[in-house]
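Participant: So that you have it, the file is protein.csv, and it contains CSV, C-alpha atoms and all ligand atoms:
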chain,number,residue,atom,x,y,z
I,1,MET,CA,-43.2,90.4,-39.5
I,2,SER,CA,-43.2,89.9,-43.3
I,3,SER,CA,-43.4,86.4,-44.8
I,4,SER,CA,-43.0,87.2,-48.5
I,5,LEU,CA,-40.4,85.1,-50.3
I,6,LEU,CA,-37.0,86.5,-51.1
I,7,THR,CA,-35.0,86.0,-54.3
I,8,PRO,CA,-31.5,84.5,-53.6
I,9,PRO,CA,-28.5,86.7,-54.0
I,10,SER,CA,-26.6,86.3,-57.3
I,11,GLU,CA,-23.2,84.7,-57.0
I,12,GLN,CA,-21.6,88.2,-57.0
I,13,ASN,CA,-23.8,89.7,-54.3
I,14,VAL,CA,-24.1,89.5,-50.5
I,15,HIS,CA,-27.4,90.5,-49.1
I,16,VAL,CA,-27.0,92.4,-45.8
I,17,TRP,CA,-30.0,92.9,-43.4
I,18,GLN,CA,-29.9,95.0,-40.3
I,19,TRP,CA,-32.5,95.3,-37.5
I,20,ASP,CA,-33.2,96.6,-34.0
I,21,LEU,CA,-33.0,94.0,-31.2
I,22,ASP,CA,-35.0,96.1,-28.7
I,23,VAL,CA,-38.5,95.4,-29.9
I,24,ARG,CA,-41.4,95.3,-27.4
I,25,GLY,CA,-44.4,93.3,-26.4
I,26,SER,CA,-46.3,91.2,-28.9
I,27,GLU,CA,-43.4,91.2,-31.4
I,28,PHE,CA,-41.1,89.7,-28.9
I,29,ASN,CA,-43.6,87.0,-28.1
I,30,GLN,CA,-43.9,86.1,-31.8
I,31,TYR,CA,-40.1,85.7,-32.0
I,32,TRP,CA,-40.1,83.5,-28.9
I,33,GLU,CA,-42.7,81.2,-30.5
I,34,ILE,CA,-40.6,80.5,-33.5
I,35,LEU,CA,-37.4,79.5,-31.6
I,36,SER,CA,-36.3,75.9,-31.3
I,37,THR,CA,-36.2,74.2,-27.9
I,38,GLN,CA,-32.4,74.4,-27.9
I,39,GLU,CA,-32.6,78.2,-28.6
I,40,ARG,CA,-35.1,78.7,-25.8
I,41,GLU,CA,-32.9,76.8,-23.4
I,42,ARG,CA,-30.0,79.0,-24.4
I,43,ALA,CA,-32.0,82.2,-24.0
I,44,ASP,CA,-33.0,81.2,-20.5
I,45,LYS,CA,-29.3,80.9,-19.5
I,46,PHE,CA,-28.6,84.6,-20.0
I,47,ARG,CA,-28.1,86.3,-16.7
I,48,PHE,CA,-29.5,89.7,-17.7
I,49,GLU,CA,-33.0,90.1,-19.1
I,50,ARG,CA,-31.8,92.6,-21.8
I,51,HIS,CA,-29.3,90.1,-23.2
I,52,ARG,CA,-31.9,87.3,-23.2
I,53,HIS,CA,-34.4,89.6,-25.0
I,54,ARG,CA,-31.8,90.6,-27.6
I,55,TYR,CA,-30.8,87.0,-28.2
I,56,VAL,CA,-34.4,86.0,-28.8
I,57,VAL,CA,-35.1,88.8,-31.2
I,58,GLY,CA,-31.8,88.1,-33.0
I,59,ARG,CA,-32.5,84.4,-33.5
I,60,GLY,CA,-36.2,85.0,-34.2
I,61,GLU,CA,-35.5,87.5,-37.0
I,62,LEU,CA,-32.7,85.3,-38.3
I,63,ARG,CA,-35.2,82.4,-38.7
I,64,GLN,CA,-37.8,84.8,-40.2
I,65,ILE,CA,-35.4,86.0,-42.9
I,66,LEU,CA,-33.9,82.5,-43.6
I,67,GLY,CA,-37.4,81.1,-43.9
I,68,ARG,CA,-38.2,83.7,-46.6
I,69,TYR,CA,-35.2,82.6,-48.7
I,70,LEU,CA,-35.9,78.9,-48.1
I,71,ALA,CA,-39.6,79.0,-48.6
I,72,LEU,CA,-40.0,77.5,-45.1
I,73,ALA,CA,-41.9,78.6,-42.0
I,74,PRO,CA,-39.4,80.1,-39.6
I,75,GLN,CA,-39.9,77.2,-37.1
I,76,ALA,CA,-39.0,74.8,-39.9
I,77,VAL,CA,-35.5,76.3,-40.5
I,78,THR,CA,-33.0,73.9,-39.0
I,79,LEU,CA,-29.6,75.0,-38.0
I,80,ASP,CA,-26.4,73.0,-37.1
I,81,TYR,CA,-23.0,74.2,-36.0
I,82,GLY,CA,-19.5,73.9,-37.3
I,83,PRO,CA,-16.6,72.7,-35.1
I,84,GLU,CA,-16.1,76.2,-33.6
I,85,GLY,CA,-19.8,77.1,-33.4
I,86,LYS,CA,-20.5,78.7,-36.8
I,87,PRO,CA,-24.2,78.1,-37.5
I,88,PHE,CA,-25.4,76.9,-40.9
I,89,CYS,CA,-28.7,75.8,-42.5
I,90,THR,CA,-29.1,72.1,-42.8
I,91,ILE,CA,-32.1,72.3,-45.2
I,92,GLN,CA,-31.0,73.9,-48.5
I,93,PRO,CA,-32.8,75.0,-51.6
I,94,SER,CA,-32.3,72.6,-54.6
I,95,ASP,CA,-30.9,75.2,-57.0
I,96,TRP,CA,-28.5,77.4,-54.8
I,97,LYS,CA,-26.6,77.1,-51.5
I,98,LEU,CA,-27.6,79.6,-48.8
I,99,CYS,CA,-24.6,80.7,-46.6
I,100,PHE,CA,-25.1,83.2,-43.8
I,101,ASN,CA,-23.5,84.9,-40.9
I,102,LEU,CA,-25.0,86.9,-38.0
I,103,SER,CA,-23.5,89.6,-35.8
I,104,HIS,CA,-24.8,91.8,-33.0
I,105,THR,CA,-23.6,94.8,-31.0
I,106,GLU,CA,-25.8,96.4,-28.3
I,107,ASN,CA,-29.3,96.7,-29.8
I,108,ARG,CA,-28.3,96.2,-33.4
I,109,ALA,CA,-28.1,93.0,-35.5
I,110,ALA,CA,-26.7,92.4,-39.0
I,111,LEU,CA,-27.0,89.4,-41.2
I,112,ALA,CA,-25.1,88.6,-44.4
I,113,ILE,CA,-26.5,86.1,-46.9
I,114,SER,CA,-24.5,84.7,-49.8
I,115,ASN,CA,-24.9,82.1,-52.5
I,116,ASP,CA,-22.4,79.3,-52.3
I,117,PHE,CA,-19.4,81.0,-50.6
I,118,GLU,CA,-18.6,81.4,-46.9
I,119,ILE,CA,-18.9,84.9,-45.4
I,120,GLY,CA,-18.3,86.5,-42.1
I,121,ILE,CA,-19.9,89.7,-40.8
I,122,ASP,CA,-19.1,91.8,-37.8
I,123,ILE,CA,-20.6,95.0,-36.4
I,124,GLU,CA,-19.1,96.9,-33.5
I,125,GLN,CA,-20.5,99.8,-31.5
I,126,VAL,CA,-17.9,102.5,-31.5
I,127,ARG,CA,-17.0,103.3,-27.9
I,128,PRO,CA,-14.1,104.9,-25.9
I,129,ILE,CA,-11.0,102.8,-26.0
I,130,GLU,CA,-8.2,104.7,-24.4
I,131,GLU,CA,-8.5,102.9,-21.0
I,132,ASN,CA,-8.0,99.2,-21.4
I,133,LEU,CA,-7.1,99.2,-25.1
I,134,PRO,CA,-6.8,95.5,-26.2
I,135,THR,CA,-3.5,96.0,-28.0
I,136,HIS,CA,-3.2,92.3,-28.7
I,137,VAL,CA,-5.6,92.9,-31.6
I,138,PHE,CA,-2.8,94.3,-33.7
I,139,SER,CA,0.3,92.9,-35.3
I,140,THR,CA,3.5,94.7,-34.7
I,141,ARG,CA,3.2,96.6,-38.0
I,142,GLU,CA,-0.5,97.5,-37.3
I,143,ARG,CA,0.4,98.7,-33.8
I,144,ALA,CA,3.1,101.0,-35.2
I,145,GLN,CA,0.5,102.5,-37.6
I,146,PHE,CA,-2.1,102.8,-34.9
I,147,ASP,CA,0.3,104.5,-32.4
I,148,ALA,CA,1.2,107.2,-35.0
I,149,LEU,CA,-2.5,108.2,-35.5
I,150,PRO,CA,-3.4,111.7,-34.3
I,151,GLY,CA,-6.3,112.3,-31.9
I,152,THR,CA,-8.7,110.1,-29.9
I,153,GLU,CA,-11.5,110.2,-32.4
I,154,GLU,CA,-9.3,109.0,-35.3
I,155,ARG,CA,-7.9,106.2,-33.1
I,156,GLN,CA,-11.3,105.1,-32.0
I,157,LYS,CA,-12.6,105.0,-35.6
I,158,VAL,CA,-9.6,103.0,-36.9
I,159,PHE,CA,-9.6,100.6,-33.9
I,160,PHE,CA,-13.2,99.5,-34.5
I,161,GLU,CA,-12.9,99.5,-38.3
I,162,THR,CA,-9.9,97.2,-37.9
I,163,TRP,CA,-11.5,95.0,-35.3
I,164,ALA,CA,-14.6,94.5,-37.4
I,165,ARG,CA,-12.5,93.6,-40.5
I,166,LYS,CA,-10.5,91.0,-38.5
I,167,GLU,CA,-13.5,89.5,-36.7
I,168,ALA,CA,-15.4,89.3,-40.1
I,169,GLY,CA,-12.5,87.4,-41.6
I,170,LEU,CA,-12.3,85.0,-38.7
I,171,LYS,CA,-16.0,84.4,-38.9
I,172,ALA,CA,-15.8,83.8,-42.6
I,173,LEU,CA,-13.2,81.1,-41.8
I,174,GLY,CA,-15.6,79.8,-39.1
I,175,THR,CA,-12.8,79.7,-36.4
I,176,GLY,CA,-13.6,83.0,-34.6
I,177,PHE,CA,-10.9,83.8,-32.1
I,178,ILE,CA,-9.6,80.3,-31.9
I,179,LEU,CA,-7.2,81.9,-34.3
I,180,PRO,CA,-5.4,85.1,-33.1
I,181,PRO,CA,-6.7,88.5,-34.2
I,182,ASP,CA,-3.5,89.2,-36.1
I,183,HIS,CA,-4.2,86.2,-38.4
I,184,PHE,CA,-5.7,88.9,-40.6
I,185,GLU,CA,-3.3,91.9,-41.0
I,186,PHE,CA,-4.4,95.2,-42.6
I,187,ASP,CA,-3.0,98.5,-43.8
I,188,LEU,CA,-4.6,100.8,-41.3
I,189,SER,CA,-4.2,103.8,-43.6
I,190,VAL,CA,-6.8,102.3,-46.1
I,191,HIS,CA,-10.4,102.9,-45.1
I,192,GLY,CA,-13.6,101.3,-46.4
I,193,ASP,CA,-13.3,98.3,-48.7
I,194,THR,CA,-9.9,96.5,-48.6
I,195,THR,CA,-7.8,93.4,-49.1
I,196,PRO,CA,-5.7,92.2,-46.1
I,197,ARG,CA,-1.9,92.6,-46.3
I,198,PHE,CA,-1.4,89.1,-44.8
I,199,VAL,CA,-3.7,86.2,-43.9
I,200,GLY,CA,-1.9,83.7,-41.6
I,201,GLY,CA,1.3,85.6,-42.4
I,202,ASP,CA,0.9,84.8,-46.1
I,203,ALA,CA,0.7,87.7,-48.6
I,204,GLN,CA,-0.3,85.5,-51.5
I,205,GLU,CA,-3.3,84.0,-49.5
I,206,ALA,CA,-4.3,87.6,-48.6
I,207,THR,CA,-4.8,88.5,-52.3
I,208,HIS,CA,-7.8,86.0,-52.5
I,209,TRP,CA,-9.7,88.0,-49.8
I,210,ARG,CA,-12.0,91.0,-50.1
I,211,ILE,CA,-13.3,92.8,-47.0
I,212,ARG,CA,-16.1,95.2,-47.6
I,213,ALA,CA,-17.1,98.0,-45.2
I,214,LEU,CA,-20.7,98.5,-44.2
I,215,PRO,CA,-21.8,102.1,-45.0
I,216,ALA,CA,-20.0,104.6,-42.8
I,217,ASN,CA,-21.8,105.2,-39.5
I,218,PRO,CA,-20.3,107.3,-36.7
I,219,VAL,CA,-21.6,105.0,-34.0
I,220,CYS,CA,-21.2,101.5,-35.5
I,221,ALA,CA,-18.3,100.0,-37.6
I,222,GLY,CA,-19.1,97.0,-39.7
I,223,ALA,CA,-17.4,94.7,-42.2
I,224,VAL,CA,-18.2,91.7,-44.4
I,225,ALA,CA,-15.4,89.3,-45.4
I,226,ALA,CA,-15.1,86.5,-48.0
I,227,ARG,CA,-12.3,84.6,-49.5
I,228,ARG,CA,-13.3,85.8,-52.9
I,229,LYS,CA,-12.7,89.0,-54.8
I,230,ASP,CA,-15.7,89.7,-57.1
I,231,TRP,CA,-18.7,90.5,-54.9
I,232,SER,CA,-20.6,93.4,-53.6
I,233,ILE,CA,-23.0,94.2,-50.8
I,234,VAL,CA,-26.7,94.8,-51.4
I,235,GLU,CA,-28.3,96.5,-48.5
I,236,MET,CA,-31.6,94.7,-48.1
I,237,ASN,CA,-33.4,97.1,-45.8
I,238,GLN,CA,-32.8,99.8,-48.4
I,239,GLU,CA,-33.9,97.4,-51.2
I,240,ALA,CA,-37.1,96.5,-49.4
I,241,LEU,CA,-37.9,100.2,-48.9
I,242,ARG,CA,-37.2,100.9,-52.6
I,243,GLN,CA,-39.6,98.1,-53.6
I,244,ARG,CA,-42.5,99.3,-51.5
I,245,PRO,CA,-45.3,101.0,-53.4
I,246,VAL,CA,-45.3,104.8,-53.5
I,247,GLY,CA,-47.3,106.2,-50.5
I,248,TYR,CA,-46.4,103.2,-48.4
I,249,ARG,CA,-46.5,104.0,-44.6
I,250,PRO,CA,-45.2,101.5,-42.1
I,251,ALA,CA,-47.8,100.2,-39.7
I,301,LIG,C1,-17.4,83.8,-33.4
I,301,LIG,C2,-17.1,84.9,-32.3
I,301,LIG,C3,-16.0,85.7,-32.8
I,301,LIG,C4,-18.4,85.7,-32.1
I,301,LIG,O1,-18.2,86.7,-31.1
I,301,LIG,P1,-19.4,87.7,-30.7
I,301,LIG,O2,-18.7,88.7,-29.8
I,301,LIG,O3,-20.5,86.9,-30.2
I,301,LIG,O4,-19.7,88.4,-32.1
I,301,LIG,P2,-20.9,88.6,-33.0
I,301,LIG,O5,-22.1,89.2,-32.4
I,301,LIG,O6,-20.3,89.3,-34.2
I,301,LIG,O7,-21.3,87.1,-33.6
I,301,LIG,C5,-22.2,86.3,-32.9
I,301,LIG,C6,-22.8,85.3,-33.9
I,301,LIG,O8,-21.8,84.7,-34.7
I,301,LIG,C7,-22.2,83.4,-35.1
I,301,LIG,N1,-21.1,82.5,-34.7
I,301,LIG,C8,-20.9,81.8,-33.6
I,301,LIG,N2,-19.7,81.1,-33.7
I,301,LIG,C9,-19.2,81.4,-34.9
I,301,LIG,C10,-18.0,81.0,-35.6
I,301,LIG,N3,-17.1,80.2,-35.0
I,301,LIG,N4,-17.8,81.5,-36.8
I,301,LIG,C11,-18.6,82.4,-37.4
I,301,LIG,N5,-19.8,82.8,-36.8
I,301,LIG,C12,-20.1,82.3,-35.6
I,301,LIG,C13,-23.5,83.1,-34.4
I,301,LIG,O9,-24.6,83.3,-35.2
I,301,LIG,C14,-23.5,84.2,-33.3
I,301,LIG,O10,-24.8,84.7,-32.9
I,301,LIG,P3,-25.9,83.8,-32.2
I,301,LIG,O11,-25.1,83.0,-31.2
I,301,LIG,O12,-26.8,84.8,-31.6
I,301,LIG,O13,-26.5,83.0,-33.2
I,301,LIG,C15,-16.7,84.2,-30.9
I,301,LIG,O14,-17.8,83.6,-30.4
I,301,LIG,C16,-15.6,83.2,-31.1
I,301,LIG,O15,-14.4,83.5,-31.2
I,301,LIG,N6,-16.0,81.9,-31.2
I,301,LIG,C17,-15.2,80.8,-31.6
I,301,LIG,C18,-14.4,80.2,-30.5
I,301,LIG,C19,-15.3,79.5,-29.5
I,301,LIG,O16,-15.6,80.0,-28.5
I,301,LIG,N7,-15.6,78.2,-29.8
I,301,LIG,C20,-16.4,77.4,-28.8
I,301,LIG,C21,-17.9,77.3,-29.3
I,301,LIG,S1,-18.1,75.7,-30.0
Rewrite the coordinates I just gave you, this time as structure tokens.
Ligand SMILES: CC(C)(COP(=O)(O)OP(=O)(O)OC[C@H]1O[C@@H](n2cnc3c(N)ncnc32)[C@H](O)[C@@H]1OP(=O)(O)O)[C@@H](O)C(=O)NCCC(=O)NCCS

Facilitator:
Amino acid sequence: MSSSLLTPPSEQNVHVWQWDLDVRGSEFNQYWEILSTQERERADKFRFERHRHRYVVGRGELRQILGRYLALAPQAVTLDYGPEGKPFCTIQPSDWKLCFNLSHTENRAALAISNDFEIGIDIEQVRPIEENLPTHVFSTRERAQFDALPGTEERQKVFFETWARKEAGLKALGTGFILPPDHFEFDLSVHGDTTPRFVGGDAQEATHWRIRALPANPVCAGAVAARRKDWSIVEMNQEALRQRPVGYRPA
């Protein structure tokens, strides 16, 4: 676990971190040590050990990274929750405002950090959908586009791309699925970065939003959303690798 301090994102950047939730042994114990009492109680309520383990590593690494931006020990990071459960940092730096959002799917976690604007992130493991397709995810227009898609592979890819965009939007708002998934409506023929067609049925409101795709990955779809146009993703794992001295070998 690194403890070096991190420079805040500029107002045009969103830092994205990703990590593996299936760590073993002593690393897991270190994460457990830095959780709050409330987080440990929540961890102990998971029915399956694998889910408990992943929650602990997710929250532990979240605290670790937030602490590096805030110049605080991970244990000293204090979180509170919005009305629908969106976590935020209660202790903030004096010269910028740290906003964040976390997502996990299977053994992978992703964290987005921005400076003074709300963001949402969602990652989704791409998996077979033909049986039990949750069609309520789509608006009528989206459903018509989806039904016209050729082939299982293309449908699977577009389904999870669209799902990730919608959930990222709803997480940026902080409502999650208190609002219906068709609150954000997209043109399914556009891949990668996009702007919704409608937000809450309003085309004008949609123009304020930008939804950026995480780099293409055949097994995992991902999106970051903000009600703001002029921002970009900086992949921090890549950034950290670039900044390592030549000849660096991970321990
Ligand atoms: C937010 C929501 C879409 C996340 O679903 P999910 O399948 O767990 O998806 P993800 O893995 O992408 O996101 C989970 C993370 O999002 C964050 N989160 C939780 N609620 C959130 C919200 N309302 N808005 C934005 N982010 C939220 C948390 O950090 C959470 O991870 P953690 O619990 O390990 O810290 C879903 O929980 C939801 O719709 N919640 C709102 C409605 C609700 O149930 N409210 C009652 C709680 S007060």

Participant: Can you list, as a list in words, every protein, DNA or RNA residue that comes within 7 Å of Phe186 of chain I when you count only C-alpha atoms, leaving out same-chain residues fewer than 2 positions away?

Facilitator: Glu142, Phe184, Leu188, Pro196 and Arg197 of chain I

Participant: Take the residues just selected and output them with C-alpha atoms as a PDB file, in the coordinates of the input.

Facilitator:
ATOM      1  CA  GLU I 142      -0.500  97.500 -37.300  1.00  0.00           C
ATOM      2  CA  PHE I 184      -5.700  88.900 -40.600  1.00  0.00           C
ATOM      3  CA  LEU I 188      -4.600 100.800 -41.300  1.00  0.00           C
ATOM      4  CA  PRO I 196      -5.700  92.200 -46.100  1.00  0.00           C
ATOM      5  CA  ARG I 197      -1.900  92.600 -46.300  1.00  0.00           C
TER       6      ARG I 197
END

Participant: Up to 10 Å from (-37.8, 75.0, -42.3) in the file's coordinates: name the residues, counting all atoms listed in the file, as a ChimeraX atom specification.

Facilitator: /I:63,66-68,70-79,89-92

Participant: Around ligand LIG 301 (chain I), at most 7 Å away and counting all atoms listed in the file, which residues are there? Put them as a list in words, please.

Facilitator: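 Taking all atoms listed in the file into account, the residues around ligand LIG 301 (chain I) at most 7 Å away are Tyr55, Gly58, Arg59, Pro83, Glu84, Gly85, Lys86, Pro87, Asn101, Leu102, Ser103, His104, Thr105, Gly120, Ile121, Asp122, Ile123, Glu167, Leu170, Lys171, Ala172, Leu173, Gly174, Thr175, Gly176, Phe177 and Ile178 of chain I.
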
Participant: Considering all atoms listed in the file, state which residue in the set I:Glu61, I:Asp80, I:Glu11, I:Glu33 is at the smallest distance from Ala109 of chain I.

Facilitator: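 For Ala109 of chain I, the nearest of the candidates is I:Glu61.
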
Participant: Rank nothing, just name the residue among I:Trp96, I:Gln18, I:Glu185, I:Ser4 nearest to Pro215 of chain I, using all atoms listed in the file.

Facilitator: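 Looking only at the distances to Pro215 of chain I, the closest residue turns out to be I:Gln18.
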
Participant: Kindly complete segment 181-196 of chain I to N, CA and C atoms; the output should be written as a CSV table (one decimal), in the coordinates of the input.

Facilitator:
chain,number,residue,atom,x,y,z
I,181,PRO,N,-6.2,87.4,-33.4
I,181,PRO,CA,-6.7,88.5,-34.2
I,181,PRO,C,-5.8,88.9,-35.3
I,182,ASP,N,-4.4,88.7,-35.1
I,182,ASP,CA,-3.5,89.2,-36.1
I,182,ASP,C,-3.3,88.1,-37.2
I,183,HIS,N,-4.2,87.1,-37.2
I,183,HIS,CA,-4.2,86.2,-38.4
I,183,HIS,C,-4.5,87.0,-39.7
I,184,PHE,N,-5.4,88.0,-39.5
I,184,PHE,CA,-5.7,88.9,-40.6
I,184,PHE,C,-4.9,90.2,-40.3
I,185,GLU,N,-4.1,90.7,-41.2
I,185,GLU,CA,-3.3,91.9,-41.0
I,185,GLU,C,-3.7,92.9,-42.1
I,186,PHE,N,-3.9,94.2,-41.7
I,186,PHE,CA,-4.4,95.2,-42.6
I,186,PHE,C,-3.4,96.4,-42.6
I,187,ASP,N,-3.6,97.2,-43.7
I,187,ASP,CA,-3.0,98.5,-43.8
I,187,ASP,C,-4.0,99.5,-43.2
I,188,LEU,N,-3.7,100.0,-42.0
I,188,LEU,CA,-4.6,100.8,-41.3
I,188,LEU,C,-4.9,102.2,-42.0
I,189,SER,N,-4.0,102.5,-43.0
I,189,SER,CA,-4.2,103.8,-43.6
I,189,SER,C,-5.3,103.7,-44.7
I,190,VAL,N,-5.7,102.5,-45.0
I,190,VAL,CA,-6.8,102.3,-46.1
I,190,VAL,C,-8.1,102.2,-45.3
I,191,HIS,N,-9.1,103.0,-45.7
I,191,HIS,CA,-10.4,102.9,-45.1
I,191,HIS,C,-11.4,102.4,-46.1
I,192,GLY,N,-12.5,101.9,-45.5
I,192,GLY,CA,-13.6,101.3,-46.4
I,192,GLY,C,-13.2,99.9,-46.9
I,193,ASP,N,-13.5,99.6,-48.2
I,193,ASP,CA,-13.3,98.3,-48.7
I,193,ASP,C,-11.8,98.1,-48.8
I,194,THR,N,-11.3,96.8,-48.6
I,194,THR,CA,-9.9,96.5,-48.6
I,194,THR,C,-9.6,95.1,-48.8
I,195,THR,N,-8.3,94.8,-49.0
I,195,THR,CA,-7.8,93.4,-49.1
I,195,THR,C,-6.7,93.3,-48.0
I,196,PRO,N,-6.7,92.3,-47.2
I,196,PRO,CA,-5.7,92.2,-46.1
I,196,PRO,C,-4.3,92.2,-46.7
